[in-house]
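Asker: Starting off with a structure, shown below.
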Amino acid sequence: MATTIGILVANLINYGTSNIKGHLGWRLSLGLAGVPAAMVTIGGLILPDSPNSLIDRGKQQEARRMLQKIRGTDNVDDEFQDLVEASESSKAVDNPWKNILKSKNRPQLIMAMLIPSFQQLTGINVIMFYAPVLFKTLGGFGDDAALMSSVITGVVNVVATSVSIFCVDRVGRRALFLEGGVQMFICQILTALFIGHTYGSTGQGEFSKASANFVVFLICAYVAAFAWSWGPLGWLVPSEIFPLETRSAGTAITVMFNMIFTFIIAQCFLTMLCYMKFGLFLFFSGFVIIMTTFIYFFLPETKNVPIEEMYAVWKAHWFWGKYIPDEALGSYAKSIQMPKKA
C-alpha cells in the first residue's frame with residue numbers, strides 16, 4: 001500500500017509540474033524526489049534498533065527494554081524468549097545458501113524463483129506503457145495523455161491494493177491469485193482483439209468514443225486485478241514460506257529474480273511492441289495462463305500458517321510431499337500429519 005501511494009503521489013506531482021512554463025517543471029519534479037530521500041536519511045539516523053537486532057548483538061537487556069517500549073507493557077517475557085530462541089536457531093545455521101538447496105527446501109526455492117518471475121511476466125509493464133496511447137484516443141488529454149493515464153492507473157492501483165489488504169487473510173492467497181489471473185487474461189485478450197480489429201498490423205485506424213471508453217475500462221480492470229493479486233502477493237507469499245534457517249537466502253533469490261525479469265522485459269518491450277503490436281497482449285496472456293495453472297496445482301494455501309508449520313503444509317501437498325522428509329516436521333506438524341485413532 002505504501003508503495004502504491006508513493007507511485008500515485010509521484011504521478012500527481014509529475015502531472016502538476018508538467019503545466020509549469022519553461023524548464024522549471026521537470027527540474028522541480030526531479031528535485032522533489034529528494035524530499036522522501038531526505039526523510040529516509042534523517043529517519044535512519046534517529047530510528048532505534050529492533051529487539052531482534054539487539055539480541056543478535058548480545059544486548060539482551062536493551063532488547064527487552066525496547067520490546068517493552070514497542071508493546072507498551074512490561075509483560076513481554078514469552079515473546080522475548082521466542083526472539084532469543086529464534087536468534088539462537090538462526091546463528092546455528094552455517095550456510096543458508098547450502099541449506100536452501102536441500103530437498104526439504106525444494107518447494108520454497110521453486111516458489112522464490114517462479115513467483116517473482118511470473119509477477120513480471122503478467123505483462124503489467126505492457127499495460128502501463130501502452131495505456132497513454134489508448135487514453136489519448138479519448139480526446140481532452142492532448143499531450144498530457146501519458147501523465148493523466150498514469151494518474152488514473154495509479155488511483156486504481158491504490159484502491160485495488162486496499163481490496164487485497166482486506167481480503168488476503170479472509171479469502172486466502174490462492175483465491176486472489178486465481179481470480180486475478182483469470183481477470184487479467186480476459187482483459188488482455190479483449191484489449192488485443194479491440195486494438196487488432198481497429199488498428200490491425202499497420203497501426204492505422206481510430207477508436208470510436210464507445211470503444212475507447214471500453215478499452216480504458218479494460219486497462220483499469222487489468223491493473224486492478226494485478227494490484228489485488230500478483231502485485232502484492234508476489235512479495236507476500238515468498239516472504240512467509242521460508243524457515244528462519246533459509247530466510248535470508250530465500251529473500252535474496254526472490255528479489256534477484258524479480259529484478260532480472262524487470263530488466264529483461266524493460267529492455268525487450270519496445271522491440272517486441274514494434275514487431276508484435278497488439279499481439280504483445282496475446283503473448284503475455286499466454287504466460288498468465290501458465291502462471292495461473294501453476295498456482296492452481298502447485299501452491300498450497302499459506303493463509304494463517306505459522307512459519308514453524310510450513311513444512312507440514314508442503315508435506316501434505318500431492319506433489320511437494322515427496323521432497324519433505326519426516327524429520328523436517330516439528331512436533332506439532334507431526335501430530336497433525338498422523339491419522340486420528342478410531
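To be explicit about the labels: the chains of the C-alpha cells are called A, B, and onward in the order shown, and within each one the residues are counted from 1, while ligands get numbers from 1 in the order they are shown.
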Near Gly196 (chain A), within 8 Å and counting only C-alpha atoms, which residues show up once chain neighbours fewer than 4 positions away are dropped, as an mmCIF file with C-alpha atoms, in the first residue's frame?
Answerer:
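selection-v9.cif, written as the output of this step:
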```cif
data_model
loop_
_atom_site.group_PDB
_atom_site.id
_atom_site.type_symbol
_atom_site.label_atom_id
_atom_site.label_comp_id
_atom_site.auth_asym_id
_atom_site.auth_seq_id
_atom_site.Cartn_x
_atom_site.Cartn_y
_atom_site.Cartn_z
ATOM 1 C CA ALA A 192 -5.813 -7.308 -28.040
ATOM 2 C CA GLY A 200 -4.613 -4.120 -37.417
ATOM 3 C CA SER A 201 -0.920 -4.692 -38.055
ATOM 4 C CA PHE A 278 -1.349 -5.890 -30.431
ATOM 5 C CA GLY A 279 -0.043 -9.469 -30.390
#
```
Asker: Write out as a list in words each polymer residue whose atoms come within 10 Å of region 254-267 of chain A, counting only C-alpha atoms; drop sequence neighbours fewer than 5 positions from it.
Answerer: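 Counting only C-alpha atoms, the residues come to Leu109, Ile110, Met111, Ala112, Met113, Leu114, Ile115, Pro116, Ser117, Phe118, Gln119, Gln120, Leu121, Gly123, Asn125, Val126, Gly234, Trp235, Pro238, Ser239, Ala249 and Met272 of chain A.
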Asker: Could you check which of A:Leu190, A:Leu54, A:Lys104, A:Gly250 is closest to Lys322 (chain A), using only C-alpha atoms?
Answerer: A:Lys104
Asker: One decimal, Å: what's the distance from CA of Ser164 (chain A) over to CA of Thr246 (chain A), could you say?
Answerer: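 Between CA of Ser164 (chain A) and CA of Thr246 (chain A) the gap works out to 27.2 Å.
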Asker: Mind checking DSSP for region 198-285 of chain A and telling me the helix (DSSP H, G or I) residues as a ChimeraX atom specification?
Answerer: /A:198-199,209-227,230-240,244-276,279-285
Asker: Report as a short mmCIF file (atom, residue, chain, number, x, y, z; two decimals) with C-alpha atoms, in the first residue's frame all protein, DNA and RNA residues lying within 8 Å of Ser103 (chain A), evaluated on only C-alpha atoms, omitting residues in the same chain fewer than 2 positions from it.
Answerer:
```cif
data_model
loop_
_atom_site.label_atom_id
_atom_site.label_comp_id
_atom_site.auth_asym_id
_atom_site.auth_seq_id
_atom_site.Cartn_x
_atom_site.Cartn_y
_atom_site.Cartn_z
CA LEU A 101 19.42 -26.44 -1.94
CA ASN A 105 13.56 -26.70 0.84
CA ARG A 106 12.88 -27.53 -2.82
CA TYR A 323 10.57 -33.83 -1.08
CA ILE A 324 9.85 -33.29 2.63
#
```
Asker: Report as a PyMOL selection string all protein, DNA and RNA residues lying within 12 Å of Gly286 (chain A), evaluated on only C-alpha atoms, omitting residues in the same chain fewer than 3 positions from it.
Answerer: chain A and resi 118+121-123+181-182+184-186+188-189+279-283+289-293
Asker: Give me, as a list in words, all polymer residues having an atom no more than 10 Å from Val93 (chain A), counting only C-alpha atoms and skipping those fewer than 6 positions away in the same chain.
Answerer: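 So, after excluding close chain neighbours, the residues are Asn99, Leu244, Glu245 and Thr246 of chain A.
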Asker: Quick one: residues within 12 Å of Pro325 (chain A), only C-alpha atoms counted, chain neighbours fewer than 4 positions away excluded, as a PDB file with N, CA, C and O atoms, in the first residue's frame?
Answerer:
```pdb
ATOM      1  N   LYS A 102      18.797 -28.037  -0.211  1.00  0.00           N
ATOM      2  CA  LYS A 102      18.405 -29.352   0.267  1.00  0.00           C
ATOM      3  C   LYS A 102      16.999 -29.702  -0.209  1.00  0.00           C
ATOM      4  O   LYS A 102      16.187 -28.830  -0.506  1.00  0.00           O
ATOM      5  N   SER A 103      16.725 -31.005  -0.255  1.00  0.00           N
ATOM      6  CA  SER A 103      15.442 -31.486  -0.759  1.00  0.00           C
ATOM      7  C   SER A 103      14.262 -30.893  -0.006  1.00  0.00           C
ATOM      8  O   SER A 103      13.251 -30.530  -0.606  1.00  0.00           O
ATOM      9  N   LYS A 104      14.373 -30.756   1.300  1.00  0.00           N
ATOM     10  CA  LYS A 104      13.244 -30.275   2.092  1.00  0.00           C
ATOM     11  C   LYS A 104      12.888 -28.826   1.791  1.00  0.00           C
ATOM     12  O   LYS A 104      11.780 -28.371   2.114  1.00  0.00           O
ATOM     13  N   ASN A 105      13.813 -28.095   1.186  1.00  0.00           N
ATOM     14  CA  ASN A 105      13.556 -26.699   0.841  1.00  0.00           C
ATOM     15  C   ASN A 105      13.285 -26.507  -0.650  1.00  0.00           C
ATOM     16  O   ASN A 105      13.235 -25.371  -1.125  1.00  0.00           O
ATOM     17  N   ARG A 106      13.126 -27.612  -1.384  1.00  0.00           N
ATOM     18  CA  ARG A 106      12.884 -27.533  -2.825  1.00  0.00           C
ATOM     19  C   ARG A 106      11.616 -26.745  -3.163  1.00  0.00           C
ATOM     20  O   ARG A 106      11.640 -25.900  -4.077  1.00  0.00           O
ATOM     21  N   TYR A 311       6.438 -26.697   6.838  1.00  0.00           N
ATOM     22  CA  TYR A 311       6.873 -27.992   6.311  1.00  0.00           C
ATOM     23  C   TYR A 311       5.713 -28.986   6.264  1.00  0.00           C
ATOM     24  O   TYR A 311       5.634 -29.834   5.369  1.00  0.00           O
ATOM     25  N   ALA A 312       4.807 -28.897   7.224  1.00  0.00           N
ATOM     26  CA  ALA A 312       3.648 -29.786   7.238  1.00  0.00           C
ATOM     27  C   ALA A 312       2.736 -29.498   6.047  1.00  0.00           C
ATOM     28  O   ALA A 312       2.135 -30.422   5.477  1.00  0.00           O
ATOM     29  N   TRP A 314       3.716 -28.323   3.082  1.00  0.00           N
ATOM     30  CA  TRP A 314       4.362 -28.906   1.901  1.00  0.00           C
ATOM     31  C   TRP A 314       4.265 -30.431   1.922  1.00  0.00           C
ATOM     32  O   TRP A 314       4.080 -31.066   0.881  1.00  0.00           O
ATOM     33  N   LYS A 315       4.412 -31.018   3.109  1.00  0.00           N
ATOM     34  CA  LYS A 315       4.352 -32.482   3.230  1.00  0.00           C
ATOM     35  C   LYS A 315       2.988 -33.013   2.815  1.00  0.00           C
ATOM     36  O   LYS A 315       2.883 -34.115   2.247  1.00  0.00           O
ATOM     37  N   ALA A 316       1.935 -32.257   3.087  1.00  0.00           N
ATOM     38  CA  ALA A 316       0.584 -32.697   2.758  1.00  0.00           C
ATOM     39  C   ALA A 316       0.227 -32.464   1.295  1.00  0.00           C
ATOM     40  O   ALA A 316      -0.813 -32.934   0.828  1.00  0.00           O
ATOM     41  N   TRP A 320       4.646 -31.825  -3.717  1.00  0.00           N
ATOM     42  CA  TRP A 320       5.821 -31.452  -2.940  1.00  0.00           C
ATOM     43  C   TRP A 320       6.082 -32.394  -1.771  1.00  0.00           C
ATOM     44  O   TRP A 320       7.190 -32.419  -1.234  1.00  0.00           O
ATOM     45  N   GLY A 321       5.074 -33.176  -1.370  1.00  0.00           N
ATOM     46  CA  GLY A 321       5.230 -34.035  -0.201  1.00  0.00           C
ATOM     47  C   GLY A 321       6.410 -34.993  -0.290  1.00  0.00           C
ATOM     48  O   GLY A 321       7.046 -35.305   0.718  1.00  0.00           O
ATOM     49  N   LEU A 329       9.656 -32.208   9.923  1.00  0.00           N
ATOM     50  CA  LEU A 329       8.444 -31.733  10.574  1.00  0.00           C
ATOM     51  C   LEU A 329       8.679 -31.531  12.056  1.00  0.00           C
ATOM     52  O   LEU A 329       9.317 -32.341  12.718  1.00  0.00           O
ATOM     53  N   GLY A 330       8.125 -30.436  12.590  1.00  0.00           N
ATOM     54  CA  GLY A 330       8.204 -30.198  14.026  1.00  0.00           C
ATOM     55  C   GLY A 330       7.236 -31.097  14.758  1.00  0.00           C
ATOM     56  O   GLY A 330       6.457 -31.846  14.169  1.00  0.00           O
ATOM     57  N   LYS A 334       4.039 -32.932  13.082  1.00  0.00           N
ATOM     58  CA  LYS A 334       3.927 -34.379  13.033  1.00  0.00           C
ATOM     59  C   LYS A 334       2.583 -34.841  13.598  1.00  0.00           C
ATOM     60  O   LYS A 334       1.973 -35.777  13.114  1.00  0.00           O
TER      61      LYS A 334
END
```
Asker: Considering only C-alpha atoms, state which residue in the set A:Ala10, A:Leu273, A:Ala92, A:Ile46 is at the smallest distance from Gly34 (chain A).
Answerer: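 Selected residue with least distance to Gly34 (chain A): A:Ala10.
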Asker: Show which residues sit within 10 Å of region 58-60 of chain A, as a list of chain:residue names. Count only C-alpha atoms, and ignore same-chain residues fewer than 6 positions away.
Answerer: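 Returned residues: A:Pro51, A:Asn52, A:Met66, A:Phe80, A:Val84.
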Asker: Write a file of the just-selected residues containing C-alpha atoms, as a compact mmCIF listing (two decimals), in the first residue's frame.
Answerer:
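Saved the output as again_11.txt:
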```
# COMPACT_ATOMS: atom_id res chain seq x y z
CA PRO A 51 14.79 -6.08 19.51
CA ASN A 52 15.94 -8.73 17.02
CA MET A 66 12.93 -1.89 23.51
CA PHE A 80 11.22 -12.07 24.32
CA VAL A 84 16.02 -15.24 21.80
```
Asker: Go through region 77-154 of chain A and flag each residue having an atom no more than 10 Å from region 13-23 of chain A; for those, report the closest pair of atoms plus their distance in Å to one decimal, using only C-alpha atoms, ordered by chain and rising number, as JSON lines.
Answerer:
```
{"residue": "A:Asp144", "atom": "CA", "partner": "A:Tyr15", "partner_atom": "CA", "distance": 7.6}
{"residue": "A:Ala145", "atom": "CA", "partner": "A:Tyr15", "partner_atom": "CA", "distance": 9.7}
{"residue": "A:Ala146", "atom": "CA", "partner": "A:Tyr15", "partner_atom": "CA", "distance": 9.1}
{"residue": "A:Leu147", "atom": "CA", "partner": "A:Tyr15", "partner_atom": "CA", "distance": 5.5}
{"residue": "A:Met148", "atom": "CA", "partner": "A:Tyr15", "partner_atom": "CA", "distance": 6.8}
{"residue": "A:Ser149", "atom": "CA", "partner": "A:Tyr15", "partner_atom": "CA", "distance": 9.9}
{"residue": "A:Ser150", "atom": "CA", "partner": "A:Tyr15", "partner_atom": "CA", "distance": 8.8}
{"residue": "A:Val151", "atom": "CA", "partner": "A:Tyr15", "partner_atom": "CA", "distance": 7.8}
```
Asker: Looking at A:Gln108, A:Gln204, A:Ser285, A:Gln183, which one is nearest to Val237 (chain A), with distances taken over only C-alpha atoms?
Answerer: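 Of A:Gln108, A:Gln204, A:Ser285, A:Gln183, the one nearest Val237 (chain A), counting only C-alpha atoms, is A:Gln108.
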Asker: Quick one, how far is CA of Leu12 (chain A) from CA of Phe166 (chain A)?
Answerer: 25.5 Å
